[in-house]
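Take a look at the structure below.
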Amino acid sequence: MSSIAPPSTTELAAPTGSGPARRFDFNLRASGIYLAFAAIVVIFDIMTHGLLLTPENVSNLIVQNSYILVLAIGMILVIIAGHIDLSAGSVVAVTGAIAAVLMVNHHMSWPLALLITLIAGAAIGAFQGYWVAYFGLPAFIVTLAGMLVFRALTMTVLGNQGIGPFPNQVRTLSTGFLGSVLGNVGLGSLGGADLFTLVIGVLAVLAAVAGQWRARAAKLRYGQQVESVGLFAGKMALMAVVVLGVVVQLARYKNLPWVLVLLTVLVLGYSLVASRTVFGRHIYAIGGNAQAAVLSGVKVKKVTFWIFVNMGVLAAIAGVIFAGRLNQAGPTAGTNFELDAIAAAFIGGAAVTGGVGKVVGAITGGLIMGVINNGMSLLGEPSERVMLVKGLILLAAVAFDVWAKRRAGTAR
Amino acid sequence: MNSSAERFLGRAVAGDGRADDVILRMAGITKTFPGVKALQDVNLDVKRGQIHAICGENGAGKSTLMKVLSGVYPHGSYEGDITFEGETCEFGGIRDSEARGIVIIHQELALSPHLSIAENIFLGNERVRRGLIDWHRTNAEAAELLARVGLKENPTARVSDLGVGKQQLVEIAKALSKKVRLLILDEPTAALNDDDSEHLLDLLRGLQAEGVTCVIISHKLNEIESVSDAVTILRDGQTIETLDFHTQQVTQDRIITGMVGRDLEHRYPEHTPTIGEEVLRIEDWTVFSPTQRGRKVVDGANLTLRRGEITGLAGLMGAGRTELAMSVFGRSYGVDISGRLVKDGKEIRVRSVDDAIAHGIGYATEDRKRYGLNLIEDIKRNISAAALPKLAKAGLVDPREEYKVADGYRAEMNIKAPAVTAVAGKLSGGNQQKVVLSKWMFADPDVLILDEPTRGIDVGAKFEIYTIVNRLADAGKAVLVISSELPELLGICDRVYAMSAGRITGVLERAEATPERLMTLMTTESLMDTEVTAEEILTTPEPTPQSEPEALADALVEHDGAHGRPDSDNDPQQNPDQKKDQ
């Protein structure tokens, strides 16, 4: 088509924030969370005299927080769509209880029991999703009711007592490690480490760098702005150091925990869903402006419904991991997990109004809280002080986000 | 409460013939919004004890002028002088103007629905004794005020339980509680049915007898004729003339001429249409209000859209234009929708927006910030929003292709932004509109409905939008343009439908369309009144001898209720949009 010759250029210049100062602000906002995470890790490692980053503790950190991180993945999608899920902790409990009853009381084979548990989680999500999406109730109310209802069901199913122990396979999933495939290798002063784990780590870093480089090259080809080569290299080097550092510590301890493998798959998969699939993009569209989404042909009800189904499934996964870790499904399992997951999402940069957030951000937010938990207990701090610090961190993180947005003058 | 002093004054005014003195003088008022001059050197003299009407097209500046007067736009944000009761006024806000007895009742009523009538009347002005609300006094005084406005309701009744007409009376009672000397009413009867309107006009006459001066903004020329002493006509933010009903013969035609009479110059690009076969036919389309059961918002509308043709849809606020368009667009408005949609000769069923898009129908909203854009998202994601699957390979959206597509539209549509990664919310109105148009061009519908495509954007950007509309038609699309600006419709459309009170009241070919003829069709409430001959009316709903003001009223209520108002009334960026809503 032909181009337009405007009769005048009186159109007001759009303030689009292309100045260098503004871009810096934006980057600070986007990457502030990662810098904060790094700072927190360094501070606690120094305060604990290196205890935080010992091989065993790094492994523990991941295993201890895995279920919250799984919940945070589902929660960030719910929050991006502009909703909330207060029932996640209770759903963790009830799905753990279902798994326990099936596996322990009914001696059902663990894969079948696991499948049924996941389906139960999906059904719970569908139930809540129906009320939110199709009936039009606020998610806050629906899931607040769900929080009570599913806690009550947990107690009913369990008869108010813990059920265990779980089959070994389930325990392996939550607390076990990959077997040694290639044997050990010496790392000089660091001692022996599992070679397979190291290989996986190096491959992962290479794949990530290659992927980022390709994305950068493609952006350049389309004339998009990219960061300078130096900045890019710096970021990649930092990423490599962090990933390899974690991997080396894990290799020195036992091996890769199974839950880390599961988490990695979930994080990569859901990042792709959120950023690249039509479904994921519709979630952002709904959270950003639901009415505009409707008028753009987005099936808002359907998408909302499936977000809650997904949340239910992820809560069921978390429920099985948590029950497996304790080797018992208890009536109080998962208490306050939803609050940790919600805090993780908001610390990780989600907006209360919806439309903004990243899976990786929520994971980072979850890890920040995990490190604070772990680090402070290593320091022998009482739990009330841990809670105090977590609360203040949440407040500070969201306040910073709001402040940065206001300063950038975002139109909203 | 009206004090006895005011009552006395009222009698005095009526008695000793001081009615000639000017109570309010606004001189040389100029109000500029970024990019738009909303008011330019406007003068208004209102005489004591009179009912003074202000009329003009949508966007002429009526509401802006009243907002200047009532302090919504504080002193310093405009140029010019306001003199009230002989004193110069510099209002910093509504409280200042109310302290002087100037009270404005906005078109969108400002009542709190869950509070009682009495609570609403004294909201912000509570009757208090020793720090606590004095309920006896509150309700007793409210009852007195209700009696004055002739509303037979218990003061403790909840406002949400009242109809719009009664709510309007509560607003007036609230104004009276503030010892009003000058009452400004913005489209007070637009949402009312005949009886309620008549009652309201009687009430205004009663207030006039008590010495309250009224300024009334209205589209209803017959009401202006029956109730007012003088009328000031605004056009394009300027005072055109003030007509005095006592000293000269003022007809509705005379007012219409004043409202529309402007030159068309070269505001519109030249365009020779290539009109093809029929693409979409809307038959006997009837839509009911989703919130008020049983009220027709669109009544038996028939429209035909043809390939390569730009069709206009004219109508005043509340005529049902947007409601018609949105109900066709996947039933995104209204309930109990009946009628047929015939696309390319075949009847189609459109149950949802994605059905509509799949059938090649697109709709660009009149309120782009609220319904058209995801303001926190970037340009490219907004452009791809209505046709995302087009960019997906194996279920994954290709971000590079998305960038390429968006960047193509940026160049083609002349969207002024450094990159398509710029956030949509930061663009100017014209550029935002281009993003919305790009979105629909990418979705590539056969029928594109553009609702107020140039609302709130400046002249230069308007020309660009018109050029784009022409190009869409040249590309073989059927374009339906809804606009409140008659010159715009006459300037770009090949054919214009007029709508009034939910009905299509006529259709004019470009050659035979004049602003006066269109305005007549738009303000007519039944076909019997039109001067348009049968040949000119291609698609005619059943002529009805009775006028249907109720439908108009309901349509307007719906319009406000369903679509809301731009939520940033106080946001100066938004105000160019706002002023079109008068």
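Chain lettering (A, B, ...) mirrors the order of the structure tokens, residue numbering begins at 1 for each chain separately, and ligand numbering begins at 1 in order of display.
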
Practice task
Within 12 Å of Val42 of chain A, counting only C-alpha atoms, which residues show up once you throw out same-chain ones fewer than 3 positions away? Write them as a PyMOL selection string, please.
Solution key: chain A and resi 35-39+45-53+242+368+371-372+375

For a quick test of understanding: name the residues of chain B lying within 8 Å of chain A when counting only C-alpha atoms, and present them as a PDB file with N, CA and C atoms, in the first residue's frame.
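As a result, part_26.pdb now contains:
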ATOM      1  N   GLY B  35      -2.641  20.254  22.344  1.00  0.00           N
ATOM      2  CA  GLY B  35      -2.954  19.935  20.956  1.00  0.00           C
ATOM      3  C   GLY B  35      -4.310  20.387  20.473  1.00  0.00           C
ATOM      4  N   SER B 332     -21.303  -7.904  21.593  1.00  0.00           N
ATOM      5  CA  SER B 332     -20.529  -7.376  22.713  1.00  0.00           C
ATOM      6  C   SER B 332     -21.312  -6.313  23.474  1.00  0.00           C
ATOM      7  N   SER B 352     -20.106 -14.448  19.233  1.00  0.00           N
ATOM      8  CA  SER B 352     -19.060 -13.900  20.091  1.00  0.00           C
ATOM      9  C   SER B 352     -18.139 -13.053  19.226  1.00  0.00           C
ATOM     10  N   VAL B 353     -17.268 -12.316  19.898  1.00  0.00           N
ATOM     11  CA  VAL B 353     -16.376 -11.436  19.155  1.00  0.00           C
ATOM     12  C   VAL B 353     -15.470 -12.236  18.218  1.00  0.00           C
ATOM     13  N   ASP B 354     -15.000 -13.394  18.688  1.00  0.00           N
ATOM     14  CA  ASP B 354     -14.107 -14.133  17.783  1.00  0.00           C
ATOM     15  C   ASP B 354     -14.869 -14.720  16.597  1.00  0.00           C
ATOM     16  N   ASP B 355     -16.178 -15.011  16.789  1.00  0.00           N
ATOM     17  CA  ASP B 355     -17.028 -15.352  15.634  1.00  0.00           C
ATOM     18  C   ASP B 355     -17.037 -14.199  14.638  1.00  0.00           C
ATOM     19  N   ILE B 357     -14.933 -11.759  14.238  1.00  0.00           N
ATOM     20  CA  ILE B 357     -13.641 -11.593  13.565  1.00  0.00           C
ATOM     21  C   ILE B 357     -13.463 -12.688  12.514  1.00  0.00           C
ATOM     22  N   TYR B 363     -14.272  -4.083  14.638  1.00  0.00           N
ATOM     23  CA  TYR B 363     -14.869  -2.907  15.267  1.00  0.00           C
ATOM     24  C   TYR B 363     -13.796  -2.175  16.072  1.00  0.00           C
ATOM     25  N   ARG B 370     -10.047   2.792  26.935  1.00  0.00           N
ATOM     26  CA  ARG B 370     -10.762   1.844  27.770  1.00  0.00           C
ATOM     27  C   ARG B 370     -10.989   0.512  27.085  1.00  0.00           C
ATOM     28  N   TYR B 371     -11.323   0.561  25.828  1.00  0.00           N
ATOM     29  CA  TYR B 371     -11.746  -0.676  25.167  1.00  0.00           C
ATOM     30  C   TYR B 371     -10.858  -1.085  24.002  1.00  0.00           C
ATOM     31  N   GLY B 372      -9.962  -0.191  23.594  1.00  0.00           N
ATOM     32  CA  GLY B 372      -9.234  -0.503  22.374  1.00  0.00           C
ATOM     33  C   GLY B 372      -7.806  -0.948  22.570  1.00  0.00           C
ATOM     34  N   LEU B 373      -7.190  -0.523  23.663  1.00  0.00           N
ATOM     35  CA  LEU B 373      -5.761  -0.757  23.799  1.00  0.00           C
ATOM     36  C   LEU B 373      -5.439  -1.374  25.145  1.00  0.00           C
ATOM     37  N   ASN B 374      -4.370  -2.150  25.160  1.00  0.00           N
ATOM     38  CA  ASN B 374      -3.759  -2.540  26.413  1.00  0.00           C
ATOM     39  C   ASN B 374      -2.654  -1.526  26.661  1.00  0.00           C
ATOM     40  N   LEU B 375      -2.962  -0.537  27.497  1.00  0.00           N
ATOM     41  CA  LEU B 375      -2.072   0.620  27.619  1.00  0.00           C
ATOM     42  C   LEU B 375      -0.722   0.287  28.223  1.00  0.00           C
ATOM     43  N   ILE B 376      -0.631  -0.812  28.993  1.00  0.00           N
ATOM     44  CA  ILE B 376       0.652  -1.127  29.606  1.00  0.00           C
ATOM     45  C   ILE B 376       1.505  -2.012  28.698  1.00  0.00           C
ATOM     46  N   GLU B 377       0.952  -2.369  27.550  1.00  0.00           N
ATOM     47  CA  GLU B 377       1.679  -3.250  26.638  1.00  0.00           C
ATOM     48  C   GLU B 377       2.259  -2.409  25.498  1.00  0.00           C
ATOM     49  N   ALA B 385      -2.909  -8.052  18.665  1.00  0.00           N
ATOM     50  CA  ALA B 385      -3.851  -8.613  19.635  1.00  0.00           C
ATOM     51  C   ALA B 385      -5.083  -9.282  19.028  1.00  0.00           C
ATOM     52  N   ALA B 386      -5.588  -8.765  17.925  1.00  0.00           N
ATOM     53  CA  ALA B 386      -6.840  -9.320  17.396  1.00  0.00           C
ATOM     54  C   ALA B 386      -6.603 -10.459  16.410  1.00  0.00           C
ATOM     55  N   LEU B 388      -3.658 -12.806  16.713  1.00  0.00           N
ATOM     56  CA  LEU B 388      -2.439 -13.459  17.184  1.00  0.00           C
ATOM     57  C   LEU B 388      -2.183 -14.812  16.513  1.00  0.00           C
ATOM     58  N   PRO B 389      -3.224 -15.628  16.314  1.00  0.00           N
ATOM     59  CA  PRO B 389      -2.971 -16.930  15.675  1.00  0.00           C
ATOM     60  C   PRO B 389      -2.290 -16.806  14.308  1.00  0.00           C
ATOM     61  N   ALA B 392       1.323 -17.273  14.732  1.00  0.00           N
ATOM     62  CA  ALA B 392       1.786 -18.454  15.454  1.00  0.00           C
ATOM     63  C   ALA B 392       2.142 -19.577  14.489  1.00  0.00           C
ATOM     64  N   GLY B 395       1.703 -23.323  17.245  1.00  0.00           N
ATOM     65  CA  GLY B 395       1.230 -22.879  18.551  1.00  0.00           C
ATOM     66  C   GLY B 395       2.087 -21.821  19.220  1.00  0.00           C
ATOM     67  N   LEU B 396       3.255 -21.540  18.642  1.00  0.00           N
ATOM     68  CA  LEU B 396       4.131 -20.541  19.250  1.00  0.00           C
ATOM     69  C   LEU B 396       4.142 -19.272  18.417  1.00  0.00           C
ATOM     70  N   VAL B 397       3.921 -18.154  19.098  1.00  0.00           N
ATOM     71  CA  VAL B 397       3.957 -16.868  18.415  1.00  0.00           C
ATOM     72  C   VAL B 397       5.404 -16.571  18.008  1.00  0.00           C
ATOM     73  N   ASP B 398       5.580 -16.160  16.785  1.00  0.00           N
ATOM     74  CA  ASP B 398       6.918 -15.828  16.297  1.00  0.00           C
ATOM     75  C   ASP B 398       7.185 -14.348  16.585  1.00  0.00           C
ATOM     76  N   PRO B 399       8.010 -14.057  17.590  1.00  0.00           N
ATOM     77  CA  PRO B 399       8.180 -12.654  17.993  1.00  0.00           C
ATOM     78  C   PRO B 399       8.846 -11.802  16.913  1.00  0.00           C
ATOM     79  N   ARG B 400       9.665 -12.449  16.082  1.00  0.00           N
ATOM     80  CA  ARG B 400      10.345 -11.669  15.035  1.00  0.00           C
ATOM     81  C   ARG B 400       9.354 -11.253  13.964  1.00  0.00           C
ATOM     82  N   TYR B 403       7.288  -8.486  15.275  1.00  0.00           N
ATOM     83  CA  TYR B 403       8.003  -7.210  15.213  1.00  0.00           C
ATOM     84  C   TYR B 403       7.968  -6.656  13.797  1.00  0.00           C
ATOM     85  N   LYS B 404       8.199  -7.542  12.852  1.00  0.00           N
ATOM     86  CA  LYS B 404       8.257  -7.125  11.450  1.00  0.00           C
ATOM     87  C   LYS B 404       6.912  -6.552  11.010  1.00  0.00           C
ATOM     88  N   GLU B 412       3.975   2.438   7.647  1.00  0.00           N
ATOM     89  CA  GLU B 412       2.873   2.686   6.726  1.00  0.00           C
ATOM     90  C   GLU B 412       1.864   3.683   7.291  1.00  0.00           C
ATOM     91  N   MET B 413       1.565   3.552   8.563  1.00  0.00           N
ATOM     92  CA  MET B 413       0.554   4.409   9.186  1.00  0.00           C
ATOM     93  C   MET B 413       1.172   5.668   9.780  1.00  0.00           C
ATOM     94  N   ASN B 414       2.481   5.763   9.694  1.00  0.00           N
ATOM     95  CA  ASN B 414       3.155   6.937  10.238  1.00  0.00           C
ATOM     96  C   ASN B 414       2.892   7.093  11.739  1.00  0.00           C
ATOM     97  N   LYS B 416       4.000   7.746  15.175  1.00  0.00           N
ATOM     98  CA  LYS B 416       5.195   8.444  15.661  1.00  0.00           C
ATOM     99  C   LYS B 416       5.624   7.877  17.008  1.00  0.00           C
ATOM    100  N   ALA B 417       6.565   6.952  16.945  1.00  0.00           N
ATOM    101  CA  ALA B 417       7.133   6.340  18.141  1.00  0.00           C
ATOM    102  C   ALA B 417       8.526   5.865  17.761  1.00  0.00           C
ATOM    103  N   PRO B 418       9.450   5.864  18.714  1.00  0.00           N
ATOM    104  CA  PRO B 418      10.825   5.474  18.370  1.00  0.00           C
ATOM    105  C   PRO B 418      10.899   4.032  17.889  1.00  0.00           C
ATOM    106  N   ALA B 419      10.056   3.173  18.415  1.00  0.00           N
ATOM    107  CA  ALA B 419      10.071   1.766  18.011  1.00  0.00           C
ATOM    108  C   ALA B 419       8.742   1.157  18.394  1.00  0.00           C
ATOM    109  N   ALA B 422       7.661   0.603  22.048  1.00  0.00           N
ATOM    110  CA  ALA B 422       7.213   1.670  22.942  1.00  0.00           C
ATOM    111  C   ALA B 422       5.842   1.301  23.510  1.00  0.00           C
ATOM    112  N   VAL B 423       5.601   1.708  24.748  1.00  0.00           N
ATOM    113  CA  VAL B 423       4.350   1.372  25.426  1.00  0.00           C
ATOM    114  C   VAL B 423       3.198   2.207  24.852  1.00  0.00           C
ATOM    115  N   GLY B 425       0.432   3.229  26.064  1.00  0.00           N
ATOM    116  CA  GLY B 425      -0.143   4.249  26.932  1.00  0.00           C
ATOM    117  C   GLY B 425       0.572   5.586  26.864  1.00  0.00           C
ATOM    118  N   LYS B 426       1.788   5.586  26.317  1.00  0.00           N
ATOM    119  CA  LYS B 426       2.539   6.838  26.284  1.00  0.00           C
ATOM    120  C   LYS B 426       2.374   7.588  24.969  1.00  0.00           C
ATOM    121  N   LEU B 427       1.651   7.008  24.032  1.00  0.00           N
ATOM    122  CA  LEU B 427       1.497   7.665  22.737  1.00  0.00           C
ATOM    123  C   LEU B 427       0.426   8.751  22.824  1.00  0.00           C
ATOM    124  N   SER B 428       0.481   9.682  21.889  1.00  0.00           N
ATOM    125  CA  SER B 428      -0.572  10.689  21.808  1.00  0.00           C
ATOM    126  C   SER B 428      -1.827  10.051  21.220  1.00  0.00           C
ATOM    127  N   GLY B 430      -3.669  10.591  18.593  1.00  0.00           N
ATOM    128  CA  GLY B 430      -3.655  10.251  17.173  1.00  0.00           C
ATOM    129  C   GLY B 430      -2.854   8.992  16.906  1.00  0.00           C
ATOM    130  N   ASP B 458      -6.014  15.737  16.861  1.00  0.00           N
ATOM    131  CA  ASP B 458      -5.980  17.060  16.241  1.00  0.00           C
ATOM    132  C   ASP B 458      -6.131  16.985  14.713  1.00  0.00           C
ATOM    133  N   VAL B 459      -6.228  18.156  14.121  1.00  0.00           N
ATOM    134  CA  VAL B 459      -6.606  18.235  12.710  1.00  0.00           C
ATOM    135  C   VAL B 459      -5.637  17.484  11.800  1.00  0.00           C
ATOM    136  N   GLY B 460      -4.344  17.636  12.058  1.00  0.00           N
ATOM    137  CA  GLY B 460      -3.359  16.986  11.192  1.00  0.00           C
ATOM    138  C   GLY B 460      -3.496  15.476  11.218  1.00  0.00           C
ATOM    139  N   ALA B 461      -3.621  14.926  12.437  1.00  0.00           N
ATOM    140  CA  ALA B 461      -3.758  13.484  12.562  1.00  0.00           C
ATOM    141  C   ALA B 461      -5.090  13.028  11.984  1.00  0.00           C
ATOM    142  N   PHE B 463      -6.553  14.154   9.350  1.00  0.00           N
ATOM    143  CA  PHE B 463      -6.387  14.012   7.905  1.00  0.00           C
ATOM    144  C   PHE B 463      -5.730  12.668   7.582  1.00  0.00           C
ATOM    145  N   GLU B 464      -4.759  12.311   8.383  1.00  0.00           N
ATOM    146  CA  GLU B 464      -4.100  11.020   8.165  1.00  0.00           C
ATOM    147  C   GLU B 464      -5.074   9.865   8.348  1.00  0.00           C
ATOM    148  N   THR B 467      -7.268   9.550   5.395  1.00  0.00           N
ATOM    149  CA  THR B 467      -6.552   8.940   4.282  1.00  0.00           C
ATOM    150  C   THR B 467      -6.511   7.425   4.444  1.00  0.00           C
ATOM    151  N   ILE B 468      -6.289   6.993   5.684  1.00  0.00           N
ATOM    152  CA  ILE B 468      -6.250   5.551   5.951  1.00  0.00           C
ATOM    153  C   ILE B 468      -7.624   4.930   5.675  1.00  0.00           C
TER     154      ILE B 468
END

Exercise for the section: Write out as a ChimeraX atom specification the residues lying within 9 Å of Leu316 of chain B, counting only C-alpha atoms and excluding same-chain residues fewer than 4 positions away. Expected result: /B:57-58,219,320-321,484,499-501,519,522-523

Quick one: write out the picked residues with N, CA and C atoms as a short mmCIF file (atom, residue, chain, number, x, y, z; two decimals), in the first residue's frame?
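Saved result, result_39.cif, follows:
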data_model
loop_
_atom_site.label_atom_id
_atom_site.label_comp_id
_atom_site.auth_asym_id
_atom_site.auth_seq_id
_atom_site.Cartn_x
_atom_site.Cartn_y
_atom_site.Cartn_z
N GLU B 57 -23.03 21.44 18.57
CA GLU B 57 -22.77 20.05 18.26
C GLU B 57 -21.95 19.41 19.36
N ASN B 58 -21.86 18.06 19.30
CA ASN B 58 -20.92 17.38 20.18
C ASN B 58 -19.53 17.96 19.91
N HIS B 219 -29.54 19.13 23.82
CA HIS B 219 -29.63 18.81 22.40
C HIS B 219 -31.07 18.93 21.92
N GLY B 320 -28.02 5.41 19.83
CA GLY B 320 -27.89 3.96 19.71
C GLY B 320 -26.88 3.51 18.68
N ARG B 321 -26.02 4.42 18.24
CA ARG B 321 -25.06 4.07 17.19
C ARG B 321 -24.05 3.03 17.66
N SER B 484 -19.79 11.77 15.56
CA SER B 484 -20.66 12.83 16.05
C SER B 484 -20.43 14.12 15.29
N MET B 499 -29.46 8.19 12.60
CA MET B 499 -30.10 7.38 13.63
C MET B 499 -30.63 8.31 14.71
N SER B 500 -31.81 8.00 15.20
CA SER B 500 -32.36 8.77 16.31
C SER B 500 -33.22 7.84 17.14
N ALA B 501 -33.01 7.89 18.43
CA ALA B 501 -33.82 7.10 19.35
C ALA B 501 -33.85 5.62 18.98
N MET B 519 -29.00 16.83 10.39
CA MET B 519 -29.37 17.24 11.75
C MET B 519 -30.86 17.07 11.95
N MET B 522 -31.43 13.52 12.51
CA MET B 522 -30.88 13.07 13.78
C MET B 522 -31.71 13.53 14.96
N THR B 523 -32.41 14.65 14.78
CA THR B 523 -33.19 15.16 15.91
C THR B 523 -34.65 14.79 15.80
#

Practice task
Tell me, in Å to one decimal, how far atom CA of Val507 of chain B is from atom CA of Gly61 of chain B.
Solution key: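 If I compute the distance from atom CA of Val507 of chain B to atom CA of Gly61 of chain B, I get 28.0 Å.
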
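Between atom CA of Ala345 of chain A and atom CA of Thr364 of chain A the interatomic distance comes to 8.7 Å.
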
Exercise for the section: Enumerate as an MDAnalysis selection string all residues of segment 63-114 of chain B assigned to strand (DSSP E) by DSSP on the backbone, naming them with the chain letters and numbers the document uses. Expected result: chainID B and resid 79:84 87:89 102:105

Okay, now the selection with N, CA and C atoms, as a PDB file, in the first residue's frame?
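And here's again04.pdb as it stands now:
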ATOM      1  N   GLU B  79      -7.868  31.257  30.006  1.00  0.00           N
ATOM      2  CA  GLU B  79      -7.751  32.714  29.913  1.00  0.00           C
ATOM      3  C   GLU B  79      -9.148  33.316  29.894  1.00  0.00           C
ATOM      4  N   GLY B  80      -9.258  34.550  30.315  1.00  0.00           N
ATOM      5  CA  GLY B  80     -10.543  35.218  30.292  1.00  0.00           C
ATOM      6  C   GLY B  80     -11.039  35.506  31.708  1.00  0.00           C
ATOM      7  N   ASP B  81     -12.176  36.211  31.771  1.00  0.00           N
ATOM      8  CA  ASP B  81     -12.686  36.630  33.067  1.00  0.00           C
ATOM      9  C   ASP B  81     -14.106  36.140  33.297  1.00  0.00           C
ATOM     10  N   ILE B  82     -14.372  35.794  34.548  1.00  0.00           N
ATOM     11  CA  ILE B  82     -15.723  35.419  34.941  1.00  0.00           C
ATOM     12  C   ILE B  82     -16.193  36.425  35.973  1.00  0.00           C
ATOM     13  N   THR B  83     -17.347  37.022  35.717  1.00  0.00           N
ATOM     14  CA  THR B  83     -17.918  37.951  36.684  1.00  0.00           C
ATOM     15  C   THR B  83     -19.274  37.412  37.095  1.00  0.00           C
ATOM     16  N   PHE B  84     -19.451  37.220  38.396  1.00  0.00           N
ATOM     17  CA  PHE B  84     -20.721  36.698  38.901  1.00  0.00           C
ATOM     18  C   PHE B  84     -21.234  37.657  39.954  1.00  0.00           C
ATOM     19  N   GLU B  87     -19.008  40.523  40.803  1.00  0.00           N
ATOM     20  CA  GLU B  87     -17.667  40.335  41.334  1.00  0.00           C
ATOM     21  C   GLU B  87     -16.869  39.396  40.447  1.00  0.00           C
ATOM     22  N   THR B  88     -15.601  39.695  40.301  1.00  0.00           N
ATOM     23  CA  THR B  88     -14.737  38.823  39.521  1.00  0.00           C
ATOM     24  C   THR B  88     -14.500  37.532  40.297  1.00  0.00           C
ATOM     25  N   CYS B  89     -14.578  36.433  39.596  1.00  0.00           N
ATOM     26  CA  CYS B  89     -14.436  35.145  40.270  1.00  0.00           C
ATOM     27  C   CYS B  89     -13.165  34.444  39.818  1.00  0.00           C
ATOM     28  N   ILE B 102     -23.026  28.760  42.728  1.00  0.00           N
ATOM     29  CA  ILE B 102     -23.050  28.209  41.368  1.00  0.00           C
ATOM     30  C   ILE B 102     -22.945  26.695  41.488  1.00  0.00           C
ATOM     31  N   VAL B 103     -23.962  25.986  41.068  1.00  0.00           N
ATOM     32  CA  VAL B 103     -23.948  24.532  41.203  1.00  0.00           C
ATOM     33  C   VAL B 103     -24.155  23.899  39.830  1.00  0.00           C
ATOM     34  N   ILE B 104     -23.311  22.927  39.524  1.00  0.00           N
ATOM     35  CA  ILE B 104     -23.435  22.252  38.227  1.00  0.00           C
ATOM     36  C   ILE B 104     -23.940  20.830  38.443  1.00  0.00           C
ATOM     37  N   ILE B 105     -24.887  20.434  37.645  1.00  0.00           N
ATOM     38  CA  ILE B 105     -25.348  19.046  37.675  1.00  0.00           C
ATOM     39  C   ILE B 105     -24.903  18.405  36.379  1.00  0.00           C
TER      40      ILE B 105
END

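With only C-alpha atoms as the atoms that count, the residue of B:Leu207, B:Met66, B:Ile256, B:Ile379 with the shortest distance to Asn222 of chain B is B:Ile256.
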
Practice task
Quick one: everything within 8 Å of segment 305-315 of chain B, counting only C-alpha atoms, minus sequence neighbours fewer than 4 positions away in the same chain. Send it as an MDAnalysis selection string.
Solution key: chainID B and resid 273:281 319:321 447 469:470 472:484 486 489 492:500 518 522

Problem - DSSP-assigned alpha helix (DSSP H) among segment 158-259 of chain B, expressed as an MDAnalysis selection string - result: chainID B and resid 164:177 194:209 221:227 252:259

Pick out the residues sitting within 9 Å of Ala173 of chain B, and hand them over as a compact mmCIF listing (two decimals) with N, CA and C atoms, in the first residue's frame; count only C-alpha atoms, and ignore anything fewer than 2 positions along from it in its own chain.
# COMPACT_ATOMS: atom_id res chain seq x y z
N MET B 1 -31.37 24.14 51.40
CA MET B 1 -32.49 25.03 51.72
C MET B 1 -32.34 26.39 51.06
N ILE B 121 -28.03 13.99 49.45
CA ILE B 121 -28.28 15.43 49.37
C ILE B 121 -27.26 16.19 50.20
N ALA B 142 -34.12 17.08 54.22
CA ALA B 142 -34.18 16.40 52.92
C ALA B 142 -35.63 16.31 52.46
N LEU B 145 -36.74 19.54 50.99
CA LEU B 145 -36.17 19.75 49.66
C LEU B 145 -36.87 18.88 48.62
N LEU B 146 -37.18 17.64 49.02
CA LEU B 146 -37.85 16.74 48.09
C LEU B 146 -39.23 17.30 47.74
N ARG B 148 -39.95 20.39 47.61
CA ARG B 148 -39.75 21.52 46.69
C ARG B 148 -39.55 21.06 45.26
N VAL B 149 -38.84 19.94 45.09
CA VAL B 149 -38.62 19.46 43.71
C VAL B 149 -39.74 18.52 43.27
N GLN B 168 -32.36 12.45 39.00
CA GLN B 168 -32.09 13.82 38.52
C GLN B 168 -32.69 14.83 39.49
N LEU B 169 -33.88 14.51 40.00
CA LEU B 169 -34.53 15.41 40.95
C LEU B 169 -33.76 15.46 42.27
N VAL B 170 -33.19 14.31 42.67
CA VAL B 170 -32.36 14.30 43.88
C VAL B 170 -31.16 15.22 43.68
N GLU B 171 -30.57 15.18 42.49
CA GLU B 171 -29.45 16.07 42.18
C GLU B 171 -29.87 17.53 42.35
N ALA B 175 -28.61 20.40 44.89
CA ALA B 175 -28.17 21.74 44.49
C ALA B 175 -28.89 22.80 45.32
N LEU B 176 -30.20 22.58 45.54
CA LEU B 176 -30.96 23.56 46.33
C LEU B 176 -30.45 23.63 47.75
N SER B 177 -29.98 22.49 48.28
CA SER B 177 -29.46 22.47 49.65
C SER B 177 -28.23 23.35 49.78
N LYS B 178 -27.59 23.62 48.65
CA LYS B 178 -26.38 24.45 48.68
C LYS B 178 -26.72 25.91 48.43

Exercise for the section: Just the residues within 7 Å of segment 174-187 of chain A, please, counting only C-alpha atoms, with nothing from its chain fewer than 3 positions along; format it as a list in words. Expected result: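 Residues near the query, excluding close chain neighbours: Val63, Val170, Arg171, Leu190, Gly191, Gly192, Ala193, Asp194, Leu195, Phe196, Lys254, Asn255, Leu256, Pro257, Trp258, Val259, Ile321, Gly324 and Arg325 of chain A.
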